[in-house]
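Printed here is structure.cif (mmCIF, N, CA and C atoms):
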```
data_my_file
loop_
_atom_site.group_PDB
_atom_site.id
_atom_site.type_symbol
_atom_site.label_atom_id
_atom_site.label_comp_id
_atom_site.auth_asym_id
_atom_site.auth_seq_id
_atom_site.Cartn_x
_atom_site.Cartn_y
_atom_site.Cartn_z
ATOM 1 N N MET A 1 80.385 121.808 67.274
ATOM 2 C CA MET A 1 81.700 121.892 67.867
ATOM 3 C C MET A 1 81.691 121.391 69.304
ATOM 4 N N ASN A 2 80.685 121.831 70.085
ATOM 5 C CA ASN A 2 80.589 121.388 71.471
ATOM 6 C C ASN A 2 80.414 119.879 71.558
ATOM 7 N N ARG A 3 79.643 119.348 70.630
ATOM 8 C CA ARG A 3 79.401 117.900 70.618
ATOM 9 C C ARG A 3 80.703 117.155 70.354
ATOM 10 N N LEU A 4 81.537 117.653 69.464
ATOM 11 C CA LEU A 4 82.826 117.040 69.167
ATOM 12 C C LEU A 4 83.733 117.056 70.393
ATOM 13 N N ILE A 5 83.736 118.164 71.122
ATOM 14 C CA ILE A 5 84.548 118.267 72.334
ATOM 15 C C ILE A 5 84.077 117.246 73.365
ATOM 16 N N VAL A 6 82.776 117.100 73.537
ATOM 17 C CA VAL A 6 82.232 116.130 74.499
ATOM 18 C C VAL A 6 82.634 114.718 74.109
ATOM 19 N N VAL A 7 82.546 114.392 72.844
ATOM 20 C CA VAL A 7 82.917 113.061 72.366
ATOM 21 C C VAL A 7 84.408 112.803 72.598
ATOM 22 N N VAL A 8 85.250 113.780 72.297
ATOM 23 C CA VAL A 8 86.697 113.625 72.488
ATOM 24 C C VAL A 8 87.019 113.453 73.971
ATOM 25 N N VAL A 9 86.425 114.256 74.833
ATOM 26 C CA VAL A 9 86.669 114.152 76.273
ATOM 27 C C VAL A 9 86.212 112.785 76.789
ATOM 28 N N ALA A 10 85.031 112.336 76.352
ATOM 29 C CA ALA A 10 84.526 111.034 76.781
ATOM 30 C C ALA A 10 85.455 109.914 76.315
ATOM 31 N N LEU A 11 85.962 110.016 75.108
ATOM 32 C CA LEU A 11 86.879 109.002 74.576
ATOM 33 C C LEU A 11 88.191 108.983 75.360
ATOM 34 N N VAL A 12 88.720 110.154 75.672
ATOM 35 C CA VAL A 12 89.966 110.244 76.449
ATOM 36 C C VAL A 12 89.758 109.654 77.838
ATOM 37 N N MET A 13 88.627 109.949 78.465
ATOM 38 C CA MET A 13 88.357 109.405 79.800
ATOM 39 C C MET A 13 88.236 107.892 79.742
ATOM 40 N N PHE A 14 87.577 107.374 78.730
ATOM 41 C CA PHE A 14 87.405 105.927 78.601
ATOM 42 C C PHE A 14 88.744 105.243 78.374
ATOM 43 N N VAL A 15 89.564 105.758 77.498
ATOM 44 C CA VAL A 15 90.878 105.180 77.215
ATOM 45 C C VAL A 15 91.788 105.333 78.423
ATOM 46 N N GLY A 16 91.720 106.466 79.097
ATOM 47 C CA GLY A 16 92.541 106.694 80.283
ATOM 48 C C GLY A 16 92.238 105.706 81.385
ATOM 49 N N CYS A 17 90.985 105.360 81.575
ATOM 50 C CA CYS A 17 90.607 104.403 82.614
ATOM 51 C C CYS A 17 91.166 103.023 82.316
ATOM 52 N N LYS A 18 91.217 102.640 81.079
ATOM 53 C CA LYS A 18 91.725 101.320 80.702
ATOM 54 C C LYS A 18 93.242 101.220 80.848
ATOM 55 N N SER A 19 93.942 102.351 80.787
ATOM 56 C CA SER A 19 95.402 102.299 80.831
ATOM 57 C C SER A 19 95.935 102.135 82.259
ATOM 58 N N HIS A 20 95.088 102.316 83.274
ATOM 59 C CA HIS A 20 95.514 102.177 84.666
ATOM 60 C C HIS A 20 94.596 101.199 85.391
ATOM 61 N N PRO A 21 94.740 99.900 85.117
ATOM 62 C CA PRO A 21 93.858 98.942 85.778
ATOM 63 C C PRO A 21 94.140 98.880 87.271
ATOM 64 N N LYS A 22 93.119 98.580 88.047
ATOM 65 C CA LYS A 22 93.274 98.442 89.486
ATOM 66 C C LYS A 22 94.073 97.170 89.786
ATOM 67 N N PRO A 23 94.979 97.233 90.766
ATOM 68 C CA PRO A 23 95.715 96.029 91.114
ATOM 69 C C PRO A 23 94.774 95.006 91.750
ATOM 70 N N GLU A 24 94.999 93.755 91.432
ATOM 71 C CA GLU A 24 94.181 92.691 91.988
ATOM 72 C C GLU A 24 94.709 92.295 93.353
ATOM 73 N N VAL A 25 93.811 92.027 94.274
ATOM 74 C CA VAL A 25 94.187 91.552 95.596
ATOM 75 C C VAL A 25 94.144 90.027 95.551
ATOM 76 N N THR A 26 95.270 89.398 95.855
ATOM 77 C CA THR A 26 95.352 87.946 95.802
ATOM 78 C C THR A 26 95.103 87.343 97.181
ATOM 79 N N GLU A 27 94.914 86.035 97.217
ATOM 80 C CA GLU A 27 94.779 85.339 98.498
ATOM 81 C C GLU A 27 96.031 85.538 99.343
ATOM 82 N N GLN A 28 97.195 85.559 98.693
ATOM 83 C CA GLN A 28 98.450 85.754 99.418
ATOM 84 C C GLN A 28 98.482 87.124 100.079
ATOM 85 N N ASP A 29 97.979 88.152 99.399
ATOM 86 C CA ASP A 29 97.923 89.492 99.981
ATOM 87 C C ASP A 29 97.077 89.497 101.256
ATOM 88 N N VAL A 30 95.923 88.838 101.214
ATOM 89 C CA VAL A 30 95.029 88.781 102.363
ATOM 90 C C VAL A 30 95.696 88.012 103.503
ATOM 91 N N TYR A 31 96.335 86.904 103.188
ATOM 92 C CA TYR A 31 97.038 86.095 104.184
ATOM 93 C C TYR A 31 98.158 86.908 104.833
ATOM 94 N N ASN A 32 98.955 87.591 104.022
ATOM 95 C CA ASN A 32 100.059 88.397 104.549
ATOM 96 C C ASN A 32 99.553 89.510 105.465
ATOM 97 N N GLU A 33 98.482 90.167 105.082
ATOM 98 C CA GLU A 33 97.943 91.237 105.920
ATOM 99 C C GLU A 33 97.524 90.680 107.287
ATOM 100 N N ALA A 34 96.963 89.486 107.311
ATOM 101 C CA ALA A 34 96.568 88.880 108.584
ATOM 102 C C ALA A 34 97.789 88.578 109.449
ATOM 103 N N LYS A 35 98.879 88.147 108.841
ATOM 104 C CA LYS A 35 100.094 87.827 109.585
ATOM 105 C C LYS A 35 100.826 89.078 110.066
ATOM 106 N N MET A 36 100.635 90.199 109.378
ATOM 107 C CA MET A 36 101.384 91.419 109.703
ATOM 108 C C MET A 36 100.499 92.528 110.252
ATOM 109 N N THR A 37 99.318 92.193 110.712
ATOM 110 C CA THR A 37 98.357 93.203 111.134
ATOM 111 C C THR A 37 98.857 94.094 112.266
ATOM 112 N N SER A 38 99.746 93.604 113.108
ATOM 113 C CA SER A 38 100.235 94.413 114.227
ATOM 114 C C SER A 38 101.374 95.348 113.838
ATOM 115 N N LEU A 39 101.852 95.255 112.615
ATOM 116 C CA LEU A 39 102.967 96.088 112.173
ATOM 117 C C LEU A 39 102.462 97.417 111.600
ATOM 118 N N PRO A 40 103.273 98.474 111.694
ATOM 119 C CA PRO A 40 102.871 99.765 111.115
ATOM 120 C C PRO A 40 102.648 99.651 109.607
ATOM 121 N N THR A 41 101.747 100.467 109.103
ATOM 122 C CA THR A 41 101.419 100.459 107.674
ATOM 123 C C THR A 41 102.650 100.635 106.785
ATOM 124 N N PRO A 42 103.590 101.562 107.083
ATOM 125 C CA PRO A 42 104.770 101.693 106.217
ATOM 126 C C PRO A 42 105.625 100.416 106.176
ATOM 127 N N VAL A 43 105.662 99.673 107.269
ATOM 128 C CA VAL A 43 106.428 98.415 107.297
ATOM 129 C C VAL A 43 105.767 97.387 106.379
ATOM 130 N N ARG A 44 104.447 97.268 106.480
ATOM 131 C CA ARG A 44 103.728 96.310 105.620
ATOM 132 C C ARG A 44 103.870 96.697 104.150
ATOM 133 N N ALA A 45 103.751 97.981 103.862
ATOM 134 C CA ALA A 45 103.860 98.443 102.471
ATOM 135 C C ALA A 45 105.253 98.165 101.911
ATOM 136 N N SER A 46 106.282 98.403 102.711
ATOM 137 C CA SER A 46 107.651 98.154 102.241
ATOM 138 C C SER A 46 107.888 96.671 102.004
ATOM 139 N N PHE A 47 107.393 95.835 102.902
ATOM 140 C CA PHE A 47 107.553 94.389 102.715
ATOM 141 C C PHE A 47 106.859 93.946 101.434
ATOM 142 N N ASN A 48 105.624 94.388 101.229
ATOM 143 C CA ASN A 48 104.879 93.998 100.025
ATOM 144 C C ASN A 48 105.571 94.482 98.756
ATOM 145 N N ARG A 49 106.169 95.664 98.813
ATOM 146 C CA ARG A 49 106.896 96.196 97.651
ATOM 147 C C ARG A 49 108.182 95.409 97.405
ATOM 148 N N ASP A 50 108.917 95.105 98.488
ATOM 149 C CA ASP A 50 110.206 94.427 98.367
ATOM 150 C C ASP A 50 110.090 92.935 98.061
ATOM 151 N N HIS A 51 108.989 92.329 98.482
ATOM 152 C CA HIS A 51 108.837 90.875 98.336
ATOM 153 C C HIS A 51 107.449 90.517 97.802
ATOM 154 N N PRO A 52 107.134 90.955 96.588
ATOM 155 C CA PRO A 52 105.804 90.642 96.045
ATOM 156 C C PRO A 52 105.641 89.135 95.873
ATOM 157 N N GLY A 53 104.533 88.624 96.330
ATOM 158 C CA GLY A 53 104.260 87.196 96.184
ATOM 159 C C GLY A 53 104.844 86.326 97.274
ATOM 160 N N ALA A 54 105.666 86.898 98.167
ATOM 161 C CA ALA A 54 106.232 86.111 99.257
ATOM 162 C C ALA A 54 105.150 85.837 100.295
ATOM 163 N N ALA A 55 105.299 84.727 101.006
ATOM 164 C CA ALA A 55 104.350 84.354 102.057
ATOM 165 C C ALA A 55 104.913 84.762 103.412
ATOM 166 N N ALA A 56 104.256 85.677 104.083
ATOM 167 C CA ALA A 56 104.675 86.078 105.425
ATOM 168 C C ALA A 56 104.311 84.961 106.394
ATOM 169 N N LEU A 57 105.300 84.471 107.118
ATOM 170 C CA LEU A 57 105.071 83.386 108.066
ATOM 171 C C LEU A 57 104.810 83.919 109.473
ATOM 172 N N SER A 58 105.554 84.938 109.864
ATOM 173 C CA SER A 58 105.359 85.543 111.187
ATOM 174 C C SER A 58 105.977 86.927 111.192
ATOM 175 N N SER A 59 105.610 87.698 112.190
ATOM 176 C CA SER A 59 106.204 89.018 112.352
ATOM 177 C C SER A 59 106.294 89.314 113.839
ATOM 178 N N GLN A 60 107.286 90.116 114.187
ATOM 179 C CA GLN A 60 107.444 90.502 115.575
ATOM 180 C C GLN A 60 108.195 91.819 115.682
ATOM 181 N N ILE A 61 108.025 92.443 116.834
ATOM 182 C CA ILE A 61 108.739 93.676 117.127
ATOM 183 C C ILE A 61 109.976 93.292 117.925
ATOM 184 N N ILE A 62 111.131 93.771 117.478
ATOM 185 C CA ILE A 62 112.382 93.516 118.178
ATOM 186 C C ILE A 62 112.803 94.828 118.837
ATOM 187 N N HIS A 63 112.852 94.832 120.153
ATOM 188 C CA HIS A 63 113.286 96.024 120.877
ATOM 189 C C HIS A 63 114.809 95.983 120.989
ATOM 190 N N THR A 64 115.447 97.057 120.566
ATOM 191 C CA THR A 64 116.902 97.111 120.598
ATOM 192 C C THR A 64 117.365 97.863 121.835
ATOM 193 N N ALA A 65 118.588 97.595 122.242
ATOM 194 C CA ALA A 65 119.124 98.212 123.451
ATOM 195 C C ALA A 65 119.468 99.683 123.243
ATOM 196 N N THR A 66 119.812 100.070 122.029
ATOM 197 C CA THR A 66 120.326 101.421 121.808
ATOM 198 C C THR A 66 119.496 102.283 120.874
ATOM 199 N N GLY A 67 118.417 101.769 120.379
ATOM 200 C CA GLY A 67 117.690 102.573 119.414
ATOM 201 C C GLY A 67 116.237 102.186 119.328
ATOM 202 N N PRO A 68 115.561 102.653 118.290
ATOM 203 C CA PRO A 68 114.147 102.347 118.129
ATOM 204 C C PRO A 68 113.931 100.877 117.785
ATOM 205 N N ALA A 69 112.723 100.466 117.923
ATOM 206 C CA ALA A 69 112.372 99.081 117.623
ATOM 207 C C ALA A 69 112.578 98.761 116.146
ATOM 208 N N ALA A 70 112.844 97.512 115.892
ATOM 209 C CA ALA A 70 112.901 97.015 114.517
ATOM 210 C C ALA A 70 111.753 96.021 114.363
ATOM 211 N N TYR A 71 111.288 95.877 113.160
ATOM 212 C CA TYR A 71 110.194 94.955 112.879
ATOM 213 C C TYR A 71 110.743 93.842 112.012
ATOM 214 N N GLU A 72 110.628 92.612 112.520
ATOM 215 C CA GLU A 72 111.178 91.446 111.830
ATOM 216 C C GLU A 72 110.037 90.665 111.201
ATOM 217 N N ILE A 73 110.189 90.349 109.930
ATOM 218 C CA ILE A 73 109.192 89.551 109.219
ATOM 219 C C ILE A 73 109.898 88.312 108.689
ATOM 220 N N THR A 74 109.411 87.148 109.098
ATOM 221 C CA THR A 74 109.906 85.885 108.558
ATOM 222 C C THR A 74 108.980 85.512 107.412
ATOM 223 N N TYR A 75 109.568 85.192 106.272
ATOM 224 C CA TYR A 75 108.755 84.936 105.089
ATOM 225 C C TYR A 75 109.343 83.809 104.261
ATOM 226 N N ARG A 76 108.531 83.286 103.362
ATOM 227 C CA ARG A 76 108.945 82.214 102.454
ATOM 228 C C ARG A 76 108.853 82.745 101.036
ATOM 229 N N GLU A 77 109.985 82.655 100.320
ATOM 230 C CA GLU A 77 110.040 83.134 98.943
ATOM 231 C C GLU A 77 111.013 82.251 98.178
ATOM 232 N N ALA A 78 110.628 81.820 97.004
ATOM 233 C CA ALA A 78 111.479 80.963 96.162
ATOM 234 C C ALA A 78 111.949 79.731 96.944
ATOM 235 N N ASN A 79 111.020 79.117 97.661
ATOM 236 C CA ASN A 79 111.285 77.892 98.433
ATOM 237 C C ASN A 79 112.361 78.054 99.496
ATOM 238 N N GLN A 80 112.562 79.272 99.983
ATOM 239 C CA GLN A 80 113.514 79.517 101.058
ATOM 240 C C GLN A 80 112.857 80.378 102.126
ATOM 241 N N THR A 81 113.118 80.039 103.387
ATOM 242 C CA THR A 81 112.641 80.863 104.488
ATOM 243 C C THR A 81 113.701 81.913 104.782
ATOM 244 N N GLN A 82 113.263 83.163 104.846
ATOM 245 C CA GLN A 82 114.177 84.279 105.032
ATOM 246 C C GLN A 82 113.573 85.270 106.024
ATOM 247 N N LYS A 83 114.365 86.275 106.419
ATOM 248 C CA LYS A 83 113.884 87.320 107.319
ATOM 249 C C LYS A 83 114.201 88.682 106.735
ATOM 250 N N ALA A 84 113.308 89.622 107.007
ATOM 251 C CA ALA A 84 113.511 91.012 106.605
ATOM 252 C C ALA A 84 113.265 91.882 107.832
ATOM 253 N N TRP A 85 114.015 92.983 107.933
ATOM 254 C CA TRP A 85 113.890 93.908 109.055
ATOM 255 C C TRP A 85 113.611 95.304 108.525
ATOM 256 N N TYR A 86 112.707 95.997 109.203
ATOM 257 C CA TYR A 86 112.340 97.355 108.820
ATOM 258 C C TYR A 86 112.242 98.236 110.058
ATOM 259 N N ARG A 87 112.471 99.533 109.852
ATOM 260 C CA ARG A 87 112.217 100.534 110.888
ATOM 261 C C ARG A 87 110.733 100.912 110.818
ATOM 262 N N GLU A 88 110.277 101.669 111.784
ATOM 263 C CA GLU A 88 108.859 102.030 111.851
ATOM 264 C C GLU A 88 108.395 102.798 110.620
ATOM 265 N N ASP A 89 109.305 103.550 109.994
ATOM 266 C CA ASP A 89 108.929 104.328 108.807
ATOM 267 C C ASP A 89 108.955 103.498 107.519
ATOM 268 N N GLY A 90 109.281 102.202 107.634
ATOM 269 C CA GLY A 90 109.304 101.318 106.472
ATOM 270 C C GLY A 90 110.654 101.212 105.798
ATOM 271 N N SER A 91 111.640 101.953 106.276
ATOM 272 C CA SER A 91 112.976 101.862 105.681
ATOM 273 C C SER A 91 113.662 100.586 106.163
ATOM 274 N N PRO A 92 114.545 100.018 105.350
ATOM 275 C CA PRO A 92 115.228 98.783 105.730
ATOM 276 C C PRO A 92 116.074 98.982 106.985
ATOM 277 N N ALA A 93 116.128 97.960 107.807
ATOM 278 C CA ALA A 93 116.937 97.991 109.019
ATOM 279 C C ALA A 93 117.888 96.807 108.987
ATOM 280 N N GLU A 94 118.934 96.916 109.744
ATOM 281 C CA GLU A 94 119.874 95.809 109.889
ATOM 282 C C GLU A 94 119.274 94.757 110.809
ATOM 283 N N PRO A 95 119.691 93.512 110.672
ATOM 284 C CA PRO A 95 119.179 92.476 111.593
ATOM 285 C C PRO A 95 119.409 92.911 113.038
ATOM 286 N N ALA A 96 118.367 92.789 113.835
ATOM 287 C CA ALA A 96 118.450 93.207 115.235
ATOM 288 C C ALA A 96 118.580 91.988 116.138
ATOM 289 N N GLU A 97 119.316 92.168 117.215
ATOM 290 C CA GLU A 97 119.429 91.109 118.211
ATOM 291 C C GLU A 97 118.297 91.241 119.202
ATOM 292 N N HIS A 98 117.812 90.092 119.681
ATOM 293 C CA HIS A 98 116.766 90.098 120.704
ATOM 294 C C HIS A 98 117.323 90.592 122.011
ATOM 295 N N ARG A 99 116.509 91.307 122.737
ATOM 296 C CA ARG A 99 116.884 91.773 124.071
ATOM 297 C C ARG A 99 116.369 90.836 125.106
#
```

Structure rendered as structure tokens:
Amino acid sequence: MNRLIVVVVALVMFVGCKSHPKPEVTEQDVYNEAKMTSLPTPVRASFNRDHPGAAALSSQIIHTATGPAAYEITYREANQTQKAWYREDGSPAEPAEHR
């Protein structure tokens, strides 16, 4: 009986490991991290979630006159250059004007 339990547990563990493969890190992921290294981790995570496969071209901190800083990321996706803005916690922000 104990042997059967061990076999069943081992089988469940083996099948469970196969059902959750590790995500692959692509060259684009490494490139994007280099371009966004100065940004807070939640900002980078939100950008990667919102724009998988997009190429980050540049990033900068935009200081606003009335509130906290916004983080602007210029990126290329679907053959178009676009911009995304995030707050420090990674939540989307409205386009900020430069001070």

Since I can't run it myself right now, could you work out what the PyMOL selection byres ((chain A and resi 75-87) around 7) selects here and report it as a ChimeraX atom specification? /A:42-43,53-58,69-74,88-96

Interatomic distance (Å, one decimal) between CA of Thr64 in chain A and CA of Thr37 in chain A: 21.2 Å

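The spacing separating CA of Asn32 in chain A from atom N of Ile61 in chain A amounts to 15.2 Å.
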
I need the residues of range 10-95 of chain A that end up classed as helix (DSSP H, G or I) by DSSP on the backbone, written out as a PyMOL selection string. chain A and resi 10-19+27-35+41-50

Prev. selection, N, CA and C atoms, output as a PDB file, in the coordinates of the input:
```pdb
ATOM      1  N   ALA A  10      85.031 112.336  76.352  1.00  0.00           N
ATOM      2  CA  ALA A  10      84.526 111.034  76.781  1.00  0.00           C
ATOM      3  C   ALA A  10      85.455 109.914  76.315  1.00  0.00           C
ATOM      4  N   LEU A  11      85.962 110.016  75.108  1.00  0.00           N
ATOM      5  CA  LEU A  11      86.879 109.002  74.576  1.00  0.00           C
ATOM      6  C   LEU A  11      88.191 108.983  75.360  1.00  0.00           C
ATOM      7  N   VAL A  12      88.720 110.154  75.672  1.00  0.00           N
ATOM      8  CA  VAL A  12      89.966 110.244  76.449  1.00  0.00           C
ATOM      9  C   VAL A  12      89.758 109.654  77.838  1.00  0.00           C
ATOM     10  N   MET A  13      88.627 109.949  78.465  1.00  0.00           N
ATOM     11  CA  MET A  13      88.357 109.405  79.800  1.00  0.00           C
ATOM     12  C   MET A  13      88.236 107.892  79.742  1.00  0.00           C
ATOM     13  N   PHE A  14      87.577 107.374  78.730  1.00  0.00           N
ATOM     14  CA  PHE A  14      87.405 105.927  78.601  1.00  0.00           C
ATOM     15  C   PHE A  14      88.744 105.243  78.374  1.00  0.00           C
ATOM     16  N   VAL A  15      89.564 105.758  77.498  1.00  0.00           N
ATOM     17  CA  VAL A  15      90.878 105.180  77.215  1.00  0.00           C
ATOM     18  C   VAL A  15      91.788 105.333  78.423  1.00  0.00           C
ATOM     19  N   GLY A  16      91.720 106.466  79.097  1.00  0.00           N
ATOM     20  CA  GLY A  16      92.541 106.694  80.283  1.00  0.00           C
ATOM     21  C   GLY A  16      92.238 105.706  81.385  1.00  0.00           C
ATOM     22  N   CYS A  17      90.985 105.360  81.575  1.00  0.00           N
ATOM     23  CA  CYS A  17      90.607 104.403  82.614  1.00  0.00           C
ATOM     24  C   CYS A  17      91.166 103.023  82.316  1.00  0.00           C
ATOM     25  N   LYS A  18      91.217 102.640  81.079  1.00  0.00           N
ATOM     26  CA  LYS A  18      91.725 101.320  80.702  1.00  0.00           C
ATOM     27  C   LYS A  18      93.242 101.220  80.848  1.00  0.00           C
ATOM     28  N   SER A  19      93.942 102.351  80.787  1.00  0.00           N
ATOM     29  CA  SER A  19      95.402 102.299  80.831  1.00  0.00           C
ATOM     30  C   SER A  19      95.935 102.135  82.259  1.00  0.00           C
ATOM     31  N   GLU A  27      94.914  86.035  97.217  1.00  0.00           N
ATOM     32  CA  GLU A  27      94.779  85.339  98.498  1.00  0.00           C
ATOM     33  C   GLU A  27      96.031  85.538  99.343  1.00  0.00           C
ATOM     34  N   GLN A  28      97.195  85.559  98.693  1.00  0.00           N
ATOM     35  CA  GLN A  28      98.450  85.754  99.418  1.00  0.00           C
ATOM     36  C   GLN A  28      98.482  87.124 100.079  1.00  0.00           C
ATOM     37  N   ASP A  29      97.979  88.152  99.399  1.00  0.00           N
ATOM     38  CA  ASP A  29      97.923  89.492  99.981  1.00  0.00           C
ATOM     39  C   ASP A  29      97.077  89.497 101.256  1.00  0.00           C
ATOM     40  N   VAL A  30      95.923  88.838 101.214  1.00  0.00           N
ATOM     41  CA  VAL A  30      95.029  88.781 102.363  1.00  0.00           C
ATOM     42  C   VAL A  30      95.696  88.012 103.503  1.00  0.00           C
ATOM     43  N   TYR A  31      96.335  86.904 103.188  1.00  0.00           N
ATOM     44  CA  TYR A  31      97.038  86.095 104.184  1.00  0.00           C
ATOM     45  C   TYR A  31      98.158  86.908 104.833  1.00  0.00           C
ATOM     46  N   ASN A  32      98.955  87.591 104.022  1.00  0.00           N
ATOM     47  CA  ASN A  32     100.059  88.397 104.549  1.00  0.00           C
ATOM     48  C   ASN A  32      99.553  89.510 105.465  1.00  0.00           C
ATOM     49  N   GLU A  33      98.482  90.167 105.082  1.00  0.00           N
ATOM     50  CA  GLU A  33      97.943  91.237 105.920  1.00  0.00           C
ATOM     51  C   GLU A  33      97.524  90.680 107.287  1.00  0.00           C
ATOM     52  N   ALA A  34      96.963  89.486 107.311  1.00  0.00           N
ATOM     53  CA  ALA A  34      96.568  88.880 108.584  1.00  0.00           C
ATOM     54  C   ALA A  34      97.789  88.578 109.449  1.00  0.00           C
ATOM     55  N   LYS A  35      98.879  88.147 108.841  1.00  0.00           N
ATOM     56  CA  LYS A  35     100.094  87.827 109.585  1.00  0.00           C
ATOM     57  C   LYS A  35     100.826  89.078 110.066  1.00  0.00           C
ATOM     58  N   THR A  41     101.747 100.467 109.103  1.00  0.00           N
ATOM     59  CA  THR A  41     101.419 100.459 107.674  1.00  0.00           C
ATOM     60  C   THR A  41     102.650 100.635 106.785  1.00  0.00           C
ATOM     61  N   PRO A  42     103.590 101.562 107.083  1.00  0.00           N
ATOM     62  CA  PRO A  42     104.770 101.693 106.217  1.00  0.00           C
ATOM     63  C   PRO A  42     105.625 100.416 106.176  1.00  0.00           C
ATOM     64  N   VAL A  43     105.662  99.673 107.269  1.00  0.00           N
ATOM     65  CA  VAL A  43     106.428  98.415 107.297  1.00  0.00           C
ATOM     66  C   VAL A  43     105.767  97.387 106.379  1.00  0.00           C
ATOM     67  N   ARG A  44     104.447  97.268 106.480  1.00  0.00           N
ATOM     68  CA  ARG A  44     103.728  96.310 105.620  1.00  0.00           C
ATOM     69  C   ARG A  44     103.870  96.697 104.150  1.00  0.00           C
ATOM     70  N   ALA A  45     103.751  97.981 103.862  1.00  0.00           N
ATOM     71  CA  ALA A  45     103.860  98.443 102.471  1.00  0.00           C
ATOM     72  C   ALA A  45     105.253  98.165 101.911  1.00  0.00           C
ATOM     73  N   SER A  46     106.282  98.403 102.711  1.00  0.00           N
ATOM     74  CA  SER A  46     107.651  98.154 102.241  1.00  0.00           C
ATOM     75  C   SER A  46     107.888  96.671 102.004  1.00  0.00           C
ATOM     76  N   PHE A  47     107.393  95.835 102.902  1.00  0.00           N
ATOM     77  CA  PHE A  47     107.553  94.389 102.715  1.00  0.00           C
ATOM     78  C   PHE A  47     106.859  93.946 101.434  1.00  0.00           C
ATOM     79  N   ASN A  48     105.624  94.388 101.229  1.00  0.00           N
ATOM     80  CA  ASN A  48     104.879  93.998 100.025  1.00  0.00           C
ATOM     81  C   ASN A  48     105.571  94.482  98.756  1.00  0.00           C
ATOM     82  N   ARG A  49     106.169  95.664  98.813  1.00  0.00           N
ATOM     83  CA  ARG A  49     106.896  96.196  97.651  1.00  0.00           C
ATOM     84  C   ARG A  49     108.182  95.409  97.405  1.00  0.00           C
ATOM     85  N   ASP A  50     108.917  95.105  98.488  1.00  0.00           N
ATOM     86  CA  ASP A  50     110.206  94.427  98.367  1.00  0.00           C
ATOM     87  C   ASP A  50     110.090  92.935  98.061  1.00  0.00           C
TER      88      ASP A  50
END
```

Need to verify the contact set: Ser38 in chain A, 8 Å, only N, CA and C atoms, exclusion of same-chain residues closer than 3 positions in sequence. Can you return it as a list of chain:residue names? A:Glu33, A:Ala34, A:Lys35, A:Thr41, A:Ser59, A:Gln60, A:Ile61

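For the pair atom C of Ser46 in chain A and atom N of Pro68 in chain A, the interatomic distance is 19.0 Å.
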
Where's the centre, and what are the edge lengths in Å to one decimal, of a box along x, y and z enclosing all listed atoms of range 56-60 of chain A padded 3 Å per side, as lines of an AutoDock Vina configuration file?
```
center_x = 106.2
center_y = 87.6
center_z = 109.9
size_x = 9.9
size_y = 14.4
size_z = 17.6
```

Backbone-only DSSP, strand (DSSP E) members of range 19-70 of chain A, as a VMD selection string: chain A and resid 55 to 62 70
